[in-house]
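Here is the file upload23.txt (compact mmCIF, C-alpha atoms).
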# COMPACT_ATOMS: atom_id res chain seq x y z
CA MET A 449 11.99 -0.67 23.30
CA LEU A 450 12.32 -1.28 19.58
CA ARG A 451 11.18 1.50 17.30
CA ASP A 452 10.27 1.17 13.63
CA SER A 453 12.84 3.42 11.94
CA ALA A 454 10.49 3.96 9.00
CA THR A 455 8.33 6.16 11.19
CA ASP A 456 11.01 8.59 12.36
CA ALA A 457 9.91 12.22 12.40
CA LEU A 458 10.89 14.59 9.62
CA ASP A 459 11.37 18.19 10.87
CA GLY A 460 9.43 17.20 13.98
CA VAL A 461 6.44 15.83 12.06
CA PRO A 462 5.77 12.06 12.05
CA THR A 463 6.04 10.67 8.52
CA GLY A 464 3.42 7.99 9.04
CA PHE A 465 2.33 5.05 11.13
CA GLN A 466 4.34 4.57 14.34
CA HIS A 467 4.93 0.88 15.00
CA ASP A 468 6.96 -0.03 18.09
CA ALA A 469 7.57 -3.20 20.12
CA PHE A 470 9.01 -4.45 23.38
CA VAL A 471 9.94 -7.85 24.81
CA TYR A 472 8.97 -8.69 28.39
CA ALA A 473 9.99 -11.57 30.63
CA SER A 474 7.45 -11.22 33.45
CA ASP A 475 4.07 -9.72 34.34
CA GLU A 476 5.84 -6.97 36.20
CA GLU A 477 7.98 -6.05 33.20
CA PHE A 478 4.93 -6.05 30.93
CA VAL A 479 3.14 -3.60 33.25
CA ARG A 480 6.23 -1.42 33.62
CA LEU A 481 6.62 -1.04 29.83
CA ALA A 482 2.96 -0.92 28.78
CA THR A 483 1.47 1.39 31.42
CA PRO A 484 3.37 4.60 30.50
CA PHE A 485 2.38 4.16 26.85
CA VAL A 486 -1.29 4.02 27.82
CA ARG A 487 -1.13 6.82 30.38
CA ASP A 488 0.73 9.14 28.01
CA GLY A 489 -2.01 8.59 25.44
CA LEU A 490 -4.77 9.25 27.93
CA ALA A 491 -3.05 12.47 28.99
CA THR A 492 -3.05 13.77 25.40
CA GLY A 493 -6.63 12.69 24.65
CA ASP A 494 -5.82 9.72 22.42
CA ALA A 495 -8.28 6.86 22.01
CA ILE A 496 -6.72 3.75 23.56
CA VAL A 497 -7.43 0.20 22.36
CA ALA A 498 -5.65 -2.76 23.99
CA ALA A 499 -5.96 -6.12 22.20
CA LEU A 500 -4.26 -8.56 24.56
CA PRO A 501 -4.64 -12.07 26.02
CA PRO A 502 -6.92 -12.16 29.07
CA ALA A 503 -4.07 -12.43 31.61
CA ARG A 504 -2.39 -9.32 30.20
CA ILE A 505 -5.70 -7.45 30.22
CA ALA A 506 -6.19 -8.28 33.90
CA ARG A 507 -2.72 -7.07 34.88
CA LEU A 508 -3.00 -3.86 32.88
CA ARG A 509 -6.46 -3.10 34.31
CA GLU A 510 -5.09 -3.56 37.80
CA ALA A 511 -2.12 -1.28 37.13
CA LEU A 512 -4.23 1.49 35.58
CA GLY A 513 -6.90 1.53 38.27
CA PRO A 514 -9.76 3.94 37.47
CA GLU A 515 -7.94 5.07 34.30
CA GLY A 516 -8.58 1.63 32.87
CA GLU A 517 -12.22 2.60 32.35
CA GLN A 518 -11.06 4.83 29.49
CA VAL A 519 -9.36 1.96 27.63
CA GLY A 520 -11.11 -0.30 25.13
CA PHE A 521 -9.99 -3.83 26.00
CA ILE A 522 -10.30 -6.65 23.43
CA ASP A 523 -9.52 -10.33 24.02
CA MET A 524 -6.79 -11.04 21.46
CA THR A 525 -7.28 -14.82 21.77
CA ILE A 526 -10.78 -14.37 20.29
CA ALA A 527 -10.58 -11.31 18.05
CA GLY A 528 -7.10 -12.20 16.79
CA ARG A 529 -7.25 -15.99 16.76
CA ASN A 530 -6.95 -15.58 13.00
CA PRO A 531 -4.38 -12.75 12.71
CA ALA A 532 -5.82 -11.75 9.32
CA ARG A 533 -8.74 -10.19 11.22
CA LEU A 534 -6.54 -7.71 13.05
CA ILE A 535 -5.92 -5.11 10.34
CA PRO A 536 -9.72 -4.70 10.01
CA LEU A 537 -9.89 -4.41 13.82
CA TRP A 538 -7.42 -1.51 13.86
CA ARG A 539 -9.10 0.12 10.85
CA ASP A 540 -12.37 -0.01 12.75
CA ALA A 541 -10.75 1.70 15.76
CA LEU A 542 -9.59 4.54 13.51
CA GLU A 543 -13.00 4.86 11.86
CA ARG A 544 -14.71 5.02 15.25
CA ASN A 545 -12.46 7.92 16.24
CA PRO A 546 -12.41 10.27 13.21
CA GLY A 547 -9.75 12.93 13.48
CA ARG A 548 -8.55 11.62 16.85
CA PRO A 549 -5.17 9.95 17.47
CA VAL A 550 -5.45 6.24 18.29
CA ARG A 551 -2.97 4.29 20.39
CA GLY A 552 -3.13 0.53 20.08
CA LEU A 553 -1.52 -2.05 22.32
CA GLY A 554 -1.58 -5.36 20.48
CA GLU A 555 -0.06 -8.79 21.20
CA PRO A 556 -0.86 -11.10 18.27
CA ALA A 557 2.10 -13.47 18.90
CA TYR A 558 0.88 -14.47 22.36
CA ALA A 559 2.07 -17.59 24.17
CA GLY A 560 0.24 -20.82 23.39
CA ARG A 561 -0.20 -20.48 19.63
CA ASN A 562 0.89 -23.25 17.28
CA ALA A 563 3.58 -22.86 14.63
CA ALA A 564 1.20 -21.93 11.79
CA GLU A 565 -0.47 -19.29 13.98
CA TYR A 566 2.90 -17.77 14.88
CA ASP A 567 3.81 -17.63 11.19
CA GLU A 568 0.64 -15.68 10.46
CA ALA A 569 1.09 -13.40 13.46
CA ILE A 570 4.56 -12.47 12.17
CA LEU A 571 3.25 -11.88 8.65
CA HIS A 572 0.46 -9.74 10.08
CA GLU A 573 2.96 -7.62 12.00
CA ALA A 574 4.96 -7.03 8.81
CA LEU A 575 1.84 -6.17 6.80
CA LEU A 576 0.82 -3.51 9.31
CA ASP A 577 3.46 -1.16 7.92
CA ILE A 578 1.87 -1.48 4.48
CA ALA A 579 -1.72 -1.21 5.65
CA PHE A 580 -1.18 1.94 7.73
CA ALA A 581 1.90 3.44 6.07
CA ASN A 582 0.51 6.97 5.78
CA ASP A 583 -1.74 7.10 8.83
CA THR A 584 -0.15 9.63 11.18
CA ARG A 585 -3.05 9.24 13.66
CA PHE A 586 -2.18 5.64 14.51
CA ARG A 587 0.48 4.44 16.90
CA LEU A 588 0.79 0.75 17.79
CA LEU A 589 2.92 -0.86 20.51
CA CYS A 590 3.36 -4.65 20.31
CA PRO A 591 4.42 -6.66 23.39
CA TYR A 592 6.29 -9.95 22.84
CA GLU A 593 6.60 -12.44 25.68
CA ALA A 594 10.24 -13.58 25.89
CA SER A 595 9.27 -17.25 26.28
CA VAL A 596 7.70 -17.23 22.79
CA GLY A 597 11.18 -16.77 21.31
CA ILE A 598 10.26 -14.35 18.51
CA ASP A 599 12.60 -11.46 17.75
CA PRO A 600 10.42 -8.47 16.78
CA THR A 601 13.29 -6.76 14.97
CA ALA A 602 12.36 -8.18 11.56
CA THR A 603 8.67 -7.28 11.86
CA HIS A 604 9.33 -3.72 13.03
CA SER A 605 12.34 -2.79 10.89
CA GLY A 606 12.30 -3.56 7.16
CA ALA A 607 8.82 -4.97 7.59
CA GLU A 608 7.68 -4.38 4.00
CA ALA A 609 10.52 -6.50 2.60
CA LEU A 610 9.69 -9.28 5.07
CA ALA A 611 6.01 -9.17 4.10
CA GLU A 612 6.82 -9.41 0.39
CA LYS A 613 9.29 -12.26 0.89
CA THR A 614 6.96 -14.25 3.15
CA PHE A 615 3.89 -13.78 0.95
CA ARG A 616 5.76 -14.98 -2.15
CA MET A 617 7.08 -18.21 -0.60
CA PRO A 618 5.00 -21.41 -0.62
CA LEU A 619 3.69 -22.80 2.64
CA SER A 620 5.10 -25.98 4.13
CA ASP A 621 4.64 -29.09 1.99
CA VAL A 622 1.32 -30.92 2.05
CA PRO A 623 1.99 -34.13 4.01
CA ASP A 624 1.98 -37.50 2.24
CA ARG A 625 -0.94 -38.66 4.39
CA ALA A 626 -3.23 -35.92 3.02
CA GLU A 627 -6.19 -36.86 0.82
CA ARG A 628 -6.18 -35.01 -2.51
CA TRP A 629 -8.83 -34.02 -5.01
CA LYS A 630 -8.20 -32.23 -8.31
CA PHE A 631 -11.25 -30.10 -9.08
CA GLY A 632 -12.80 -27.94 -11.78
CA LEU A 633 -16.09 -26.10 -12.10
CA ALA A 634 -18.14 -29.29 -12.51
CA ASP A 635 -16.68 -30.76 -9.31
CA LEU A 636 -17.58 -28.04 -6.79
CA GLY A 637 -20.68 -29.83 -5.51
CA GLN A 638 -18.80 -33.08 -5.02
CA VAL A 639 -15.92 -31.27 -3.30
CA ARG A 640 -18.31 -29.77 -0.76
CA GLN A 641 -19.91 -33.16 -0.09
CA TRP A 642 -16.52 -34.85 0.26
CA VAL A 643 -15.15 -32.29 2.73
CA ASN A 644 -18.45 -32.25 4.62
CA ALA A 645 -18.26 -36.00 5.13
CA HIS A 646 -14.56 -35.81 6.05
CA ALA A 647 -15.15 -33.05 8.61
CA SER A 648 -18.20 -34.78 10.09
CA SER A 649 -16.21 -37.95 10.66
CA HIS A 650 -13.79 -35.95 12.81
CA GLY A 651 -16.47 -34.39 14.98
CA VAL A 652 -16.72 -30.91 13.46
CA SER A 653 -20.02 -29.36 14.60
CA ARG A 654 -22.84 -28.50 12.18
CA ASP A 655 -22.29 -24.75 12.53
CA ARG A 656 -18.57 -25.10 11.91
CA LEU A 657 -19.25 -27.38 8.96
CA ASP A 658 -21.45 -24.71 7.39
CA ASP A 659 -18.71 -22.11 7.87
CA LEU A 660 -16.03 -24.35 6.37
CA GLU A 661 -18.24 -25.37 3.47
CA LEU A 662 -18.93 -21.73 2.54
CA ALA A 663 -15.29 -20.67 2.94
CA LEU A 664 -14.03 -23.59 0.88
CA HIS A 665 -16.58 -22.95 -1.85
CA GLU A 666 -15.42 -19.33 -2.13
CA VAL A 667 -11.73 -20.25 -2.26
CA CYS A 668 -12.23 -23.06 -4.80
CA THR A 669 -14.35 -20.75 -6.95
CA ASN A 670 -11.48 -18.24 -6.91
CA SER A 671 -9.13 -20.97 -8.17
CA ILE A 672 -11.46 -21.65 -11.09
CA ARG A 673 -11.96 -17.95 -11.92
CA PHE A 674 -8.39 -16.72 -11.46
CA GLY A 675 -6.17 -19.80 -11.24
CA GLY A 676 -6.54 -21.43 -14.63
CA GLY A 677 -9.92 -23.10 -14.30
CA HIS A 678 -8.94 -25.82 -11.84
CA GLY A 679 -7.12 -26.45 -8.58
CA MET A 680 -5.92 -29.09 -6.16
CA LEU A 681 -7.59 -29.59 -2.78
CA SER A 682 -5.68 -31.44 -0.05
CA VAL A 683 -7.17 -32.32 3.35
CA TRP A 684 -5.52 -33.60 6.52
CA ILE A 685 -5.55 -33.33 10.32
CA ALA A 686 -2.75 -31.56 12.23
CA ASP A 687 -2.41 -29.62 15.51
CA GLY A 688 -5.99 -30.38 16.47
CA ALA A 689 -7.42 -28.88 13.28
CA LEU A 690 -8.89 -30.02 9.98
CA ILE A 691 -6.78 -28.40 7.27
CA CYS A 692 -7.98 -27.76 3.72
CA ASP A 693 -5.27 -26.59 1.32
CA VAL A 694 -6.34 -25.18 -2.07
CA ALA A 695 -3.58 -24.68 -4.66
CA ASP A 696 -3.71 -23.38 -8.22
CA GLY A 697 -1.53 -21.74 -10.88
CA GLY A 698 -2.68 -18.14 -10.44
CA ARG A 699 -0.97 -15.14 -8.88
CA ILE A 700 -2.24 -12.56 -6.37
CA ASP A 701 -0.45 -9.21 -6.41
CA ASP A 702 -2.15 -7.53 -3.43
CA LEU A 703 -0.40 -8.47 -0.19
CA LEU A 704 -3.40 -7.24 1.80
CA VAL A 705 -5.94 -9.46 0.03
CA GLY A 706 -8.54 -10.73 2.48
CA ARG A 707 -7.53 -8.17 5.11
CA VAL A 708 -9.24 -5.18 3.51
CA LEU A 709 -12.89 -5.51 2.54
CA PRO A 710 -13.00 -5.08 -1.25
CA PRO A 711 -15.64 -2.81 -2.85
CA LEU A 712 -18.88 -4.43 -3.93
CA ASP A 713 -18.07 -3.74 -7.56
CA GLY A 714 -14.48 -4.97 -7.29
CA LEU A 715 -13.13 -8.08 -9.03
CA GLY A 716 -11.96 -10.71 -6.57
CA GLY A 717 -10.88 -10.53 -2.94
CA ARG A 718 -14.25 -11.11 -1.29
CA GLY A 719 -13.81 -14.89 -1.14
CA VAL A 720 -10.61 -14.66 0.90
CA TRP A 721 -12.16 -11.95 3.09
CA LEU A 722 -15.10 -14.25 3.82
CA ALA A 723 -12.84 -17.21 4.53
CA ASN A 724 -10.94 -15.10 7.07
CA GLN A 725 -14.18 -14.37 8.91
CA LEU A 726 -15.31 -18.01 8.93
CA CYS A 727 -12.15 -20.02 9.65
CA ASP A 728 -9.98 -20.23 12.76
CA LEU A 729 -6.89 -19.55 10.65
CA VAL A 730 -6.26 -18.76 6.99
CA GLN A 731 -2.82 -18.85 5.39
CA LEU A 732 -2.35 -17.40 1.92
CA ARG A 733 0.78 -17.33 -0.23
CA SER A 734 1.16 -16.43 -3.92
CA GLY A 735 4.05 -16.15 -6.36
CA ASP A 736 4.64 -16.00 -10.11
CA ASP A 737 2.94 -19.31 -10.88
CA PHE A 738 1.11 -20.39 -7.74
CA THR A 739 -1.48 -19.42 -5.18
CA GLN A 740 -2.03 -21.44 -2.03
CA VAL A 741 -4.83 -20.90 0.51
CA ARG A 742 -4.83 -23.06 3.62
CA LEU A 743 -7.97 -23.12 5.80
CA HIS A 744 -7.76 -24.32 9.42
CA THR A 745 -10.86 -25.43 11.35
CA ARG A 746 -10.25 -26.46 14.93
CA LEU A 747 -11.70 -29.78 16.03
CA ARG A 748 -13.96 -29.42 19.04
Go through the file and emit its structure as structure tokens.
Amino acid sequence: MLRDSATDALDGVPTGFQHDAFVYASDEEFVRLATPFVRDGLATGDAIVAALPPARIARLREALGPEGEQVGFIDMTIAGRNPARLIPLWRDALERNPGRPVRGLGEPAYAGRNAAEYDEAILHEALLDIAFANDTRFRLLCPYEASVGIDPTATHSGAEALAEKTFRMPLSDVPDRAERWKFGLADLGQVRQWVNAHASSHGVSRDRLDDLELALHEVCTNSIRFGGGHGMLSVWIADGALICDVADGGRIDDLLVGRVLPPLDGLGGRGVWLANQLCDLVQLRSGDDFTQVRLHTRLR
């Protein structure tokens, strides 16, 4: 089992968030490594939350027997489809158990994701050490299926440096086949109509269109407010999803933007938060002279 060295105890007292991981090659190995973690927590009165794919939930329930009734199980393929929703999920678990230790079992990099989703799952894992750095009540164990081919070492040791490096690097290039639209404040209505028509032509449902339209409006408005008054929207289809990429010349300093609900009187951040709730996947990167937000809406 890999342990995050940043959480080592000092004089017997944990210094902060405990973030561990293990790699498993079979159902049996998953059960063998996960079950003691859960049972140890139950024995000490911890609240237990397991966010896993359905097959892992079934195997763990079976192994725990009646003890499984004390575990809060969450389908990771739904709750964590967009990994940016997972830090709020764990914050909610802590808030629901004030003063009580919480043990989480979370597998965001589950088998079957596409490349962009794996990228965001890895970034999420690295950001956890920033989001919960000083929370001594929280311990999280992250299973990685060996067939996925991800080494958890980088996300569980030196995670903050990985998060900073990843967040500051642009996403993959917009493909040549993408349609592009440079927009400013006066163009927002036309942008919404254009994307609406584009999405409709690819079979996106009315409800999903409404979600995308609202998310895109928020992100484009952010570009106008904080990115120099204009931006570039690019749209294309890839991996069974309609992708809308919004780029501008601004910079975001907060690596947790969109993953922590900003205060009502705060400046900025709510648009990305909303986009994360509405889209199947949101990728955000920002450096000295650029910000890039990429919205993914799966085609049904």
One decimal, in Å: what's the spacing between atom CA of A:Arg746 and atom CA of A:Leu732?
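Separation between atom CA of A:Arg746 and atom CA of A:Leu732: 17.7 Å.
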Skip stretch 472-489 of chain A itself and residues of its chain fewer than 3 positions away, then list as a list in words all residues within 6 Å of it, counting only C-alpha atoms.
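Residues meeting the cut-off are Thr492, Asp494, Glu593 and Ala594 of chain A.
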Coordinates-based distance that separates atom CA of A:Ser671 from atom CA of A:Gln740 (Å, one decimal):
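According to the coordinates, atom CA of A:Gln740 and atom CA of A:Ser671 are separated by 9.4 Å.
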For a quick check of understanding, using only C-alpha atoms, which of A:Arg585, A:Lys613, A:Lys630, A:Arg561 has the smallest distance to A:Cys668?
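Checking each of A:Arg585, A:Lys613, A:Lys630, A:Arg561 against A:Cys668, counting only C-alpha atoms, the winner is A:Lys630.
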Return as JSON the box centre and box size in Å, one decimal, for an axis-aligned box around all listed atoms of stretch 531-547 of chain A padded by 4 Å per side.
{"center_x": -9.5, "center_y": 0.1, "center_z": 12.8, "size_x": 18.3, "size_y": 33.7, "size_z": 14.9}
Length of the atom CA of A:Leu662 to atom CA of A:Ile700 vector [Å]:
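Answer for the atom CA of A:Leu662 to atom CA of A:Ile700 separation: 21.0 Å.
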Given only C-alpha atoms as the basis, pick out the residue of A:Asp468, A:Asp702, A:Glu565, A:Asp696 nearest to A:Val730.
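Under the stated criterion, the closest residue is A:Glu565.
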